[in-house]
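Here's my_file-v5.pdb, which has PDB, C-alpha atoms and all ligand atoms:
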```pdb
MODEL        1
ATOM      1  CA  MET A   1      55.765 -61.964 -41.007  1.00  0.00           C
ATOM      2  CA  ARG A   2      52.115 -62.556 -40.313  1.00  0.00           C
ATOM      3  CA  GLN A   3      52.594 -60.989 -36.909  1.00  0.00           C
ATOM      4  CA  ALA A   4      54.282 -57.950 -38.450  1.00  0.00           C
ATOM      5  CA  LEU A   5      51.365 -57.480 -40.850  1.00  0.00           C
ATOM      6  CA  VAL A   6      48.830 -57.762 -38.081  1.00  0.00           C
ATOM      7  CA  GLY A   7      50.832 -55.291 -36.011  1.00  0.00           C
ATOM      8  CA  ALA A   8      50.813 -52.790 -38.858  1.00  0.00           C
ATOM      9  CA  ALA A   9      47.083 -53.220 -39.384  1.00  0.00           C
ATOM     10  CA  LEU A  10      46.443 -52.751 -35.685  1.00  0.00           C
ATOM     11  CA  ALA A  11      48.616 -49.640 -35.549  1.00  0.00           C
ATOM     12  CA  LEU A  12      46.674 -48.186 -38.477  1.00  0.00           C
ATOM     13  CA  ALA A  13      43.315 -49.061 -37.043  1.00  0.00           C
ATOM     14  CA  CYS A  14      44.174 -47.787 -33.582  1.00  0.00           C
ATOM     15  CA  GLY A  15      45.878 -44.619 -34.739  1.00  0.00           C
ATOM     16  CA  GLY A  16      43.309 -43.616 -37.365  1.00  0.00           C
ATOM     17  CA  THR A  17      41.144 -40.551 -37.094  1.00  0.00           C
ATOM     18  CA  GLY A  18      37.833 -42.412 -36.945  1.00  0.00           C
ATOM     19  CA  ASN A  19      37.819 -42.440 -33.167  1.00  0.00           C
ATOM     20  CA  ALA A  20      35.192 -39.825 -32.451  1.00  0.00           C
ATOM     21  CA  ALA A  21      33.237 -42.289 -30.296  1.00  0.00           C
ATOM     22  CA  ARG A  22      36.198 -42.576 -27.975  1.00  0.00           C
ATOM     23  CA  ALA A  23      35.562 -39.138 -26.559  1.00  0.00           C
ATOM     24  CA  GLU A  24      32.334 -40.409 -25.008  1.00  0.00           C
ATOM     25  CA  GLU A  25      33.983 -43.372 -23.365  1.00  0.00           C
ATOM     26  CA  PRO A  26      35.344 -43.175 -19.824  1.00  0.00           C
ATOM     27  CA  ALA A  27      38.970 -42.100 -19.580  1.00  0.00           C
ATOM     28  CA  GLY A  28      40.122 -45.481 -18.281  1.00  0.00           C
ATOM     29  CA  PRO A  29      38.884 -49.057 -18.283  1.00  0.00           C
ATOM     30  CA  GLU A  30      36.027 -50.023 -15.968  1.00  0.00           C
ATOM     31  CA  ARG A  31      37.016 -51.969 -12.878  1.00  0.00           C
ATOM     32  CA  TYR A  32      36.209 -55.652 -13.030  1.00  0.00           C
ATOM     33  CA  VAL A  33      36.769 -58.822 -11.042  1.00  0.00           C
ATOM     34  CA  VAL A  34      38.312 -61.907 -12.634  1.00  0.00           C
ATOM     35  CA  THR A  35      37.036 -65.245 -11.268  1.00  0.00           C
ATOM     36  CA  GLY A  36      38.953 -68.213 -12.675  1.00  0.00           C
ATOM     37  CA  ASP A  37      39.029 -67.602 -16.430  1.00  0.00           C
ATOM     38  CA  ALA A  38      35.960 -65.347 -16.460  1.00  0.00           C
ATOM     39  CA  ILE A  39      34.553 -61.915 -15.636  1.00  0.00           C
ATOM     40  CA  ILE A  40      31.122 -62.880 -14.353  1.00  0.00           C
ATOM     41  CA  GLU A  41      29.531 -59.443 -13.906  1.00  0.00           C
ATOM     42  CA  PRO A  42      28.814 -57.217 -16.931  1.00  0.00           C
ATOM     43  CA  LEU A  43      31.201 -54.266 -17.172  1.00  0.00           C
ATOM     44  CA  ALA A  44      29.699 -51.179 -15.540  1.00  0.00           C
ATOM     45  CA  GLY A  45      26.765 -53.418 -14.523  1.00  0.00           C
ATOM     46  CA  ARG A  46      25.038 -53.086 -17.902  1.00  0.00           C
ATOM     47  CA  ARG A  47      24.116 -55.834 -20.337  1.00  0.00           C
ATOM     48  CA  GLY A  48      24.625 -55.215 -24.033  1.00  0.00           C
ATOM     49  CA  ASP A  49      22.503 -55.407 -27.165  1.00  0.00           C
ATOM     50  CA  ALA A  50      23.252 -58.386 -29.420  1.00  0.00           C
ATOM     51  CA  ALA A  51      22.285 -56.543 -32.624  1.00  0.00           C
ATOM     52  CA  LEU A  52      24.743 -53.740 -31.845  1.00  0.00           C
ATOM     53  CA  GLY A  53      27.396 -56.355 -31.074  1.00  0.00           C
ATOM     54  CA  GLN A  54      26.870 -58.046 -34.426  1.00  0.00           C
ATOM     55  CA  ALA A  55      27.190 -54.677 -36.174  1.00  0.00           C
ATOM     56  CA  LEU A  56      30.373 -53.839 -34.264  1.00  0.00           C
ATOM     57  CA  ILE A  57      31.991 -57.151 -35.235  1.00  0.00           C
ATOM     58  CA  GLY A  58      31.251 -56.218 -38.848  1.00  0.00           C
ATOM     59  CA  GLU A  59      33.049 -52.877 -38.424  1.00  0.00           C
ATOM     60  CA  ARG A  60      36.356 -54.315 -39.435  1.00  0.00           C
ATOM     61  CA  HIS A  61      38.422 -51.187 -38.908  1.00  0.00           C
ATOM     62  CA  ARG A  62      37.131 -50.489 -35.433  1.00  0.00           C
ATOM     63  CA  SER A  63      36.649 -53.821 -33.677  1.00  0.00           C
ATOM     64  CA  LEU A  64      39.261 -55.649 -35.802  1.00  0.00           C
ATOM     65  CA  CYS A  65      37.689 -59.019 -34.844  1.00  0.00           C
ATOM     66  CA  ILE A  66      37.266 -60.302 -38.398  1.00  0.00           C
ATOM     67  CA  LEU A  67      40.838 -59.446 -39.231  1.00  0.00           C
ATOM     68  CA  CYS A  68      41.638 -62.640 -37.328  1.00  0.00           C
ATOM     69  CA  HIS A  69      38.364 -64.520 -36.708  1.00  0.00           C
ATOM     70  CA  ALA A  70      35.693 -66.015 -38.933  1.00  0.00           C
ATOM     71  CA  VAL A  71      32.119 -65.190 -37.902  1.00  0.00           C
ATOM     72  CA  PRO A  72      28.870 -66.729 -39.154  1.00  0.00           C
ATOM     73  CA  GLY A  73      27.242 -64.953 -42.069  1.00  0.00           C
ATOM     74  CA  GLY A  74      30.237 -62.777 -42.947  1.00  0.00           C
ATOM     75  CA  ALA A  75      31.420 -62.404 -46.534  1.00  0.00           C
ATOM     76  CA  ALA A  76      34.113 -64.945 -47.415  1.00  0.00           C
ATOM     77  CA  GLN A  77      36.826 -62.329 -47.971  1.00  0.00           C
ATOM     78  CA  LEU A  78      36.205 -60.908 -44.490  1.00  0.00           C
ATOM     79  CA  GLN A  79      36.781 -64.151 -42.649  1.00  0.00           C
ATOM     80  CA  GLY A  80      40.048 -64.088 -40.759  1.00  0.00           C
ATOM     81  CA  THR A  81      42.054 -67.286 -40.424  1.00  0.00           C
ATOM     82  CA  LEU A  82      44.629 -66.347 -37.771  1.00  0.00           C
ATOM     83  CA  ALA A  83      42.346 -67.323 -34.874  1.00  0.00           C
ATOM     84  CA  PRO A  84      39.632 -69.879 -34.053  1.00  0.00           C
ATOM     85  CA  SER A  85      36.270 -69.292 -35.748  1.00  0.00           C
ATOM     86  CA  LEU A  86      33.712 -67.644 -33.478  1.00  0.00           C
ATOM     87  CA  THR A  87      30.945 -69.830 -34.929  1.00  0.00           C
ATOM     88  CA  GLY A  88      29.417 -71.760 -32.027  1.00  0.00           C
ATOM     89  CA  ILE A  89      31.451 -69.841 -29.422  1.00  0.00           C
ATOM     90  CA  GLY A  90      28.318 -69.538 -27.240  1.00  0.00           C
ATOM     91  CA  SER A  91      28.297 -73.337 -26.875  1.00  0.00           C
ATOM     92  CA  ARG A  92      31.997 -73.591 -26.059  1.00  0.00           C
ATOM     93  CA  LEU A  93      32.368 -70.723 -23.575  1.00  0.00           C
ATOM     94  CA  ASP A  94      29.967 -69.084 -21.148  1.00  0.00           C
ATOM     95  CA  GLU A  95      29.236 -65.376 -20.983  1.00  0.00           C
ATOM     96  CA  GLY A  96      31.859 -64.596 -18.336  1.00  0.00           C
ATOM     97  CA  GLN A  97      34.568 -66.539 -20.176  1.00  0.00           C
ATOM     98  CA  ILE A  98      33.795 -64.679 -23.413  1.00  0.00           C
ATOM     99  CA  ARG A  99      33.902 -61.346 -21.537  1.00  0.00           C
ATOM    100  CA  LEU A 100      37.399 -61.952 -20.112  1.00  0.00           C
ATOM    101  CA  ARG A 101      38.719 -63.064 -23.493  1.00  0.00           C
ATOM    102  CA  ILE A 102      37.643 -59.807 -25.127  1.00  0.00           C
ATOM    103  CA  VAL A 103      38.705 -57.621 -22.195  1.00  0.00           C
ATOM    104  CA  ASP A 104      42.167 -59.133 -21.742  1.00  0.00           C
ATOM    105  CA  MET A 105      43.111 -62.286 -23.673  1.00  0.00           C
ATOM    106  CA  LYS A 106      46.758 -61.792 -22.741  1.00  0.00           C
ATOM    107  CA  ARG A 107      45.888 -62.554 -19.143  1.00  0.00           C
ATOM    108  CA  LEU A 108      45.141 -66.135 -20.276  1.00  0.00           C
ATOM    109  CA  ASN A 109      47.842 -66.323 -22.933  1.00  0.00           C
ATOM    110  CA  PRO A 110      50.561 -63.663 -22.721  1.00  0.00           C
ATOM    111  CA  GLU A 111      51.712 -64.648 -26.215  1.00  0.00           C
ATOM    112  CA  SER A 112      48.278 -64.181 -27.792  1.00  0.00           C
ATOM    113  CA  LEU A 113      47.986 -62.123 -30.961  1.00  0.00           C
ATOM    114  CA  MET A 114      44.612 -60.878 -29.792  1.00  0.00           C
ATOM    115  CA  PRO A 115      44.547 -57.219 -28.741  1.00  0.00           C
ATOM    116  CA  THR A 116      43.733 -56.369 -25.124  1.00  0.00           C
ATOM    117  CA  TYR A 117      40.474 -54.484 -25.600  1.00  0.00           C
ATOM    118  CA  HIS A 118      39.626 -53.214 -22.144  1.00  0.00           C
ATOM    119  CA  ALA A 119      42.380 -53.762 -19.606  1.00  0.00           C
ATOM    120  CA  PRO A 120      44.849 -51.341 -18.082  1.00  0.00           C
ATOM    121  CA  PRO A 121      47.469 -51.214 -20.864  1.00  0.00           C
ATOM    122  CA  ASP A 122      51.059 -52.174 -20.414  1.00  0.00           C
ATOM    123  CA  GLY A 123      52.515 -48.684 -20.547  1.00  0.00           C
ATOM    124  CA  ALA A 124      55.815 -49.629 -22.094  1.00  0.00           C
ATOM    125  CA  ARG A 125      54.298 -50.274 -25.520  1.00  0.00           C
ATOM    126  CA  ILE A 126      51.589 -47.605 -25.608  1.00  0.00           C
ATOM    127  CA  ALA A 127      52.080 -44.045 -26.845  1.00  0.00           C
ATOM    128  CA  PRO A 128      51.428 -41.491 -24.070  1.00  0.00           C
ATOM    129  CA  ALA A 129      48.301 -40.163 -25.804  1.00  0.00           C
ATOM    130  CA  TRP A 130      46.695 -43.605 -25.570  1.00  0.00           C
ATOM    131  CA  GLN A 131      47.764 -44.600 -22.089  1.00  0.00           C
ATOM    132  CA  GLY A 132      44.865 -45.531 -19.846  1.00  0.00           C
ATOM    133  CA  LYS A 133      42.382 -45.586 -22.741  1.00  0.00           C
ATOM    134  CA  PRO A 134      40.717 -48.882 -23.585  1.00  0.00           C
ATOM    135  CA  VAL A 135      40.448 -49.887 -27.265  1.00  0.00           C
ATOM    136  CA  LEU A 136      36.718 -50.517 -26.819  1.00  0.00           C
ATOM    137  CA  GLY A 137      34.495 -49.038 -24.111  1.00  0.00           C
ATOM    138  CA  ALA A 138      32.541 -51.037 -21.534  1.00  0.00           C
ATOM    139  CA  ALA A 139      29.238 -50.709 -23.431  1.00  0.00           C
ATOM    140  CA  GLU A 140      30.878 -51.918 -26.646  1.00  0.00           C
ATOM    141  CA  ILE A 141      32.389 -54.935 -24.902  1.00  0.00           C
ATOM    142  CA  GLU A 142      28.950 -55.811 -23.517  1.00  0.00           C
ATOM    143  CA  HIS A 143      27.344 -55.550 -26.990  1.00  0.00           C
ATOM    144  CA  LEU A 144      29.943 -58.011 -28.297  1.00  0.00           C
ATOM    145  CA  VAL A 145      29.380 -60.407 -25.380  1.00  0.00           C
ATOM    146  CA  ALA A 146      25.588 -60.231 -25.870  1.00  0.00           C
ATOM    147  CA  TYR A 147      26.015 -61.203 -29.534  1.00  0.00           C
ATOM    148  CA  LEU A 148      28.630 -63.927 -29.069  1.00  0.00           C
ATOM    149  CA  VAL A 149      26.602 -65.821 -26.425  1.00  0.00           C
ATOM    150  CA  THR A 150      23.867 -66.250 -29.070  1.00  0.00           C
ATOM    151  CA  LEU A 151      26.249 -68.126 -31.409  1.00  0.00           C
ATOM    152  CA  LYS A 152      25.272 -71.665 -30.383  1.00  0.00           C
ATOM    153  CA  GLU A 153      26.126 -74.793 -32.323  1.00  0.00           C
TER     154      GLU A 153
HETATM  155  C1  LIG A 201      45.049 -59.879 -34.109  1.00  0.00           C
HETATM  156  C2  LIG A 201      44.176 -61.037 -34.117  1.00  0.00           C
HETATM  157  C3  LIG A 201      42.892 -61.006 -33.285  1.00  0.00           C
HETATM  158  C4  LIG A 201      41.931 -60.035 -33.222  1.00  0.00           C
HETATM  159  C5  LIG A 201      41.921 -58.692 -33.914  1.00  0.00           C
HETATM  160  C6  LIG A 201      40.891 -60.549 -32.351  1.00  0.00           C
HETATM  161  N1  LIG A 201      41.216 -61.786 -31.900  1.00  0.00           N
HETATM  162 FE1  LIG A 201      40.083 -62.979 -30.706  1.00  0.00          FE
HETATM  163  N2  LIG A 201      41.551 -64.362 -30.690  1.00  0.00           N
HETATM  164  C7  LIG A 201      42.728 -64.314 -31.425  1.00  0.00           C
HETATM  165  C8  LIG A 201      43.498 -65.519 -31.190  1.00  0.00           C
HETATM  166  C9  LIG A 201      44.844 -65.852 -31.830  1.00  0.00           C
HETATM  167  C10 LIG A 201      42.737 -66.326 -30.310  1.00  0.00           C
HETATM  168  C11 LIG A 201      43.095 -67.711 -29.764  1.00  0.00           C
HETATM  169  C12 LIG A 201      43.427 -67.655 -28.319  1.00  0.00           C
HETATM  170  C13 LIG A 201      44.848 -67.296 -27.996  1.00  0.00           C
HETATM  171  O1  LIG A 201      45.467 -66.460 -28.677  1.00  0.00           O
HETATM  172  O2  LIG A 201      45.362 -67.832 -27.028  1.00  0.00           O
HETATM  173  C14 LIG A 201      41.518 -65.562 -30.018  1.00  0.00           C
HETATM  174  C15 LIG A 201      40.497 -66.016 -29.205  1.00  0.00           C
HETATM  175  C16 LIG A 201      39.274 -65.404 -29.058  1.00  0.00           C
HETATM  176  C17 LIG A 201      38.166 -65.937 -28.300  1.00  0.00           C
HETATM  177  C18 LIG A 201      38.171 -67.306 -27.627  1.00  0.00           C
HETATM  178  C19 LIG A 201      37.916 -68.314 -28.738  1.00  0.00           C
HETATM  179  C20 LIG A 201      37.889 -69.744 -28.310  1.00  0.00           C
HETATM  180  O3  LIG A 201      37.441 -70.565 -29.136  1.00  0.00           O
HETATM  181  O4  LIG A 201      38.323 -70.057 -27.204  1.00  0.00           O
HETATM  182  C21 LIG A 201      37.130 -65.049 -28.386  1.00  0.00           C
HETATM  183  C22 LIG A 201      35.749 -65.174 -27.777  1.00  0.00           C
HETATM  184  C23 LIG A 201      37.605 -63.947 -29.186  1.00  0.00           C
HETATM  185  N3  LIG A 201      38.912 -64.192 -29.579  1.00  0.00           N
HETATM  186  C24 LIG A 201      36.833 -62.859 -29.528  1.00  0.00           C
HETATM  187  C25 LIG A 201      37.317 -61.771 -30.260  1.00  0.00           C
HETATM  188  C26 LIG A 201      36.524 -60.578 -30.522  1.00  0.00           C
HETATM  189  C27 LIG A 201      35.082 -60.381 -30.131  1.00  0.00           C
HETATM  190  C28 LIG A 201      37.344 -59.722 -31.216  1.00  0.00           C
HETATM  191  C29 LIG A 201      37.043 -58.318 -31.649  1.00  0.00           C
HETATM  192  C30 LIG A 201      36.573 -57.412 -30.627  1.00  0.00           C
HETATM  193  C31 LIG A 201      38.629 -60.398 -31.387  1.00  0.00           C
HETATM  194  N4  LIG A 201      38.573 -61.628 -30.799  1.00  0.00           N
HETATM  195  C32 LIG A 201      39.734 -59.864 -32.047  1.00  0.00           C
HETATM  196  C33 LIG A 201      43.122 -63.286 -32.247  1.00  0.00           C
HETATM  197  C34 LIG A 201      42.428 -62.114 -32.451  1.00  0.00           C
ENDMDL
END
```

Would you kindly transcribe this structure into structure tokens?
Amino acid sequence: MRQALVGAALALACGGTGNAARAEEPAGPERYVVTGDAIIEPLAGRRGDAALGQALIGERHRSLCILCHAVPGGAAQLQGTLAPSLTGIGSRLDEGQIRLRIVDMKRLNPESLMPTYHAPPDGARIAPAWQGKPVLGAAEIEHLVAYLVTLKE
């Protein structure tokens, strides 16, 4: 039931019309190299801006993070409880580990509820119009990584 609700919310958020920014993103995901459980190099070789990452996490309908995760400083009603809190994540995981988890959590846990934000999609479940298009662009992923590494306990 919970999974069905999340699925519906994701479908709404991903299919909505507020995707103007997408047009500026590259047509497909950036190439990246996975080392162990991490992507060590920043996507497209660019580091992000932590303030922009914090803002993007707060954009519930675009990044979706707080649908499932709690984050420090967020309003109580916006704190998801389906996933581990991201408070202190910068002490638990390093930058490269955080990057892989946002890019493609299903690589580490195929059963994960977490959307795959920047990996080549599994075509079978993606409408043709969305095939090859990442949910978040490389720059957006890097903004999120830059913010999350600052969340130390
Ligand atoms: C639909 C629910 C959902 C959404 C949306 C979601 N996540 Fe997750 N996330 C999870 C779950 C569940 C886990 C636990 C790992 C697993 O599934 O194996 C997780 C794990 C993580 C982890 C590793 C946490 C740890 O303690 O090891 C990070 C980092 C993370 N998510 C970041 C994000 C960010 C950033 C966003 C938004 C861009 C996001 N997540 C969106 C469900 C979600």

(request) Name the residues in contact with range 87-93 of chain A at a cut-off of 10 Å, using only C-alpha atoms, excluding same-chain residues fewer than 5 positions from it; report them as a ChimeraX atom specification. (result) /A:38,69-73,98-99,101,145-153

Quick one: residues within 9 Å of ligand LIG 201 (chain A), with only C-alpha atoms and all ligand atoms, as a PDB file with C-alpha atoms, keeping the file's coordinate frame?
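Saved file result34.pdb follows:
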```pdb
ATOM      1  CA  GLN A   3      52.594 -60.989 -36.909  1.00  0.00           C
ATOM      2  CA  VAL A   6      48.830 -57.762 -38.081  1.00  0.00           C
ATOM      3  CA  GLY A   7      50.832 -55.291 -36.011  1.00  0.00           C
ATOM      4  CA  ALA A   9      47.083 -53.220 -39.384  1.00  0.00           C
ATOM      5  CA  LEU A  10      46.443 -52.751 -35.685  1.00  0.00           C
ATOM      6  CA  GLY A  53      27.396 -56.355 -31.074  1.00  0.00           C
ATOM      7  CA  LEU A  56      30.373 -53.839 -34.264  1.00  0.00           C
ATOM      8  CA  ILE A  57      31.991 -57.151 -35.235  1.00  0.00           C
ATOM      9  CA  ARG A  60      36.356 -54.315 -39.435  1.00  0.00           C
ATOM     10  CA  ARG A  62      37.131 -50.489 -35.433  1.00  0.00           C
ATOM     11  CA  SER A  63      36.649 -53.821 -33.677  1.00  0.00           C
ATOM     12  CA  LEU A  64      39.261 -55.649 -35.802  1.00  0.00           C
ATOM     13  CA  CYS A  65      37.689 -59.019 -34.844  1.00  0.00           C
ATOM     14  CA  ILE A  66      37.266 -60.302 -38.398  1.00  0.00           C
ATOM     15  CA  LEU A  67      40.838 -59.446 -39.231  1.00  0.00           C
ATOM     16  CA  CYS A  68      41.638 -62.640 -37.328  1.00  0.00           C
ATOM     17  CA  HIS A  69      38.364 -64.520 -36.708  1.00  0.00           C
ATOM     18  CA  GLY A  80      40.048 -64.088 -40.759  1.00  0.00           C
ATOM     19  CA  LEU A  82      44.629 -66.347 -37.771  1.00  0.00           C
ATOM     20  CA  ALA A  83      42.346 -67.323 -34.874  1.00  0.00           C
ATOM     21  CA  PRO A  84      39.632 -69.879 -34.053  1.00  0.00           C
ATOM     22  CA  SER A  85      36.270 -69.292 -35.748  1.00  0.00           C
ATOM     23  CA  LEU A  86      33.712 -67.644 -33.478  1.00  0.00           C
ATOM     24  CA  THR A  87      30.945 -69.830 -34.929  1.00  0.00           C
ATOM     25  CA  GLY A  88      29.417 -71.760 -32.027  1.00  0.00           C
ATOM     26  CA  ILE A  89      31.451 -69.841 -29.422  1.00  0.00           C
ATOM     27  CA  GLY A  90      28.318 -69.538 -27.240  1.00  0.00           C
ATOM     28  CA  ARG A  92      31.997 -73.591 -26.059  1.00  0.00           C
ATOM     29  CA  LEU A  93      32.368 -70.723 -23.575  1.00  0.00           C
ATOM     30  CA  GLN A  97      34.568 -66.539 -20.176  1.00  0.00           C
ATOM     31  CA  ILE A  98      33.795 -64.679 -23.413  1.00  0.00           C
ATOM     32  CA  ARG A  99      33.902 -61.346 -21.537  1.00  0.00           C
ATOM     33  CA  LEU A 100      37.399 -61.952 -20.112  1.00  0.00           C
ATOM     34  CA  ARG A 101      38.719 -63.064 -23.493  1.00  0.00           C
ATOM     35  CA  ILE A 102      37.643 -59.807 -25.127  1.00  0.00           C
ATOM     36  CA  VAL A 103      38.705 -57.621 -22.195  1.00  0.00           C
ATOM     37  CA  MET A 105      43.111 -62.286 -23.673  1.00  0.00           C
ATOM     38  CA  LYS A 106      46.758 -61.792 -22.741  1.00  0.00           C
ATOM     39  CA  LEU A 108      45.141 -66.135 -20.276  1.00  0.00           C
ATOM     40  CA  ASN A 109      47.842 -66.323 -22.933  1.00  0.00           C
ATOM     41  CA  PRO A 110      50.561 -63.663 -22.721  1.00  0.00           C
ATOM     42  CA  GLU A 111      51.712 -64.648 -26.215  1.00  0.00           C
ATOM     43  CA  SER A 112      48.278 -64.181 -27.792  1.00  0.00           C
ATOM     44  CA  LEU A 113      47.986 -62.123 -30.961  1.00  0.00           C
ATOM     45  CA  MET A 114      44.612 -60.878 -29.792  1.00  0.00           C
ATOM     46  CA  PRO A 115      44.547 -57.219 -28.741  1.00  0.00           C
ATOM     47  CA  THR A 116      43.733 -56.369 -25.124  1.00  0.00           C
ATOM     48  CA  TYR A 117      40.474 -54.484 -25.600  1.00  0.00           C
ATOM     49  CA  LEU A 136      36.718 -50.517 -26.819  1.00  0.00           C
ATOM     50  CA  GLU A 140      30.878 -51.918 -26.646  1.00  0.00           C
ATOM     51  CA  ILE A 141      32.389 -54.935 -24.902  1.00  0.00           C
ATOM     52  CA  LEU A 144      29.943 -58.011 -28.297  1.00  0.00           C
ATOM     53  CA  VAL A 145      29.380 -60.407 -25.380  1.00  0.00           C
ATOM     54  CA  LEU A 148      28.630 -63.927 -29.069  1.00  0.00           C
TER      55      LEU A 148
END
```

(message) Counting only C-alpha atoms, which residue out of A:Gly58, A:Asp37, A:His143, A:Arg31 sits closest to Ala75 in chain A?
(response)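 Once distances to Ala75 in chain A are computed over only C-alpha atoms, the minimum belongs to A:Gly58.
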
(message) I need the residue nearest Gly96 in chain A from this list: A:Ile39, A:Val33, A:Ala50, A:Ala119. Use only C-alpha atoms for the distance.
(response) A:Ile39

(request) Could you jot down the CA of His61 in chain A to CA of Val135 in chain A separation for me, Å, one decimal place? (result)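 Taking CA of His61 in chain A as the start and CA of Val135 in chain A as the end point, the length is 11.9 Å.
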
(request) Considering all atoms listed in the file, state which residue in the set A:Pro29, A:Gln54, A:Ile40, A:Gly45 is at the smallest distance from Pro120 in chain A. (result) A:Pro29

(request) Would you work out the distance separating CA of Arg46 in chain A from CA of Asp104 in chain A, expressed in Å to one decimal? (result)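 We find that CA of Arg46 in chain A and CA of Asp104 in chain A lie 18.6 Å from each other.
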
Applied to the shown file, which residues does the PyMOL selection byres (((chain A and resi 43) around 7) and not hetatm) return, written as a CSV table (one decimal) with C-alpha atoms, in the frame of the given file?
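Saved as selection-v1.csv:
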```
chain,number,residue,atom,x,y,z
A,30,GLU,CA,36.0,-50.0,-16.0
A,32,TYR,CA,36.2,-55.7,-13.0
A,41,GLU,CA,29.5,-59.4,-13.9
A,42,PRO,CA,28.8,-57.2,-16.9
A,44,ALA,CA,29.7,-51.2,-15.5
A,45,GLY,CA,26.8,-53.4,-14.5
A,46,ARG,CA,25.0,-53.1,-17.9
A,138,ALA,CA,32.5,-51.0,-21.5
A,142,GLU,CA,29.0,-55.8,-23.5
```
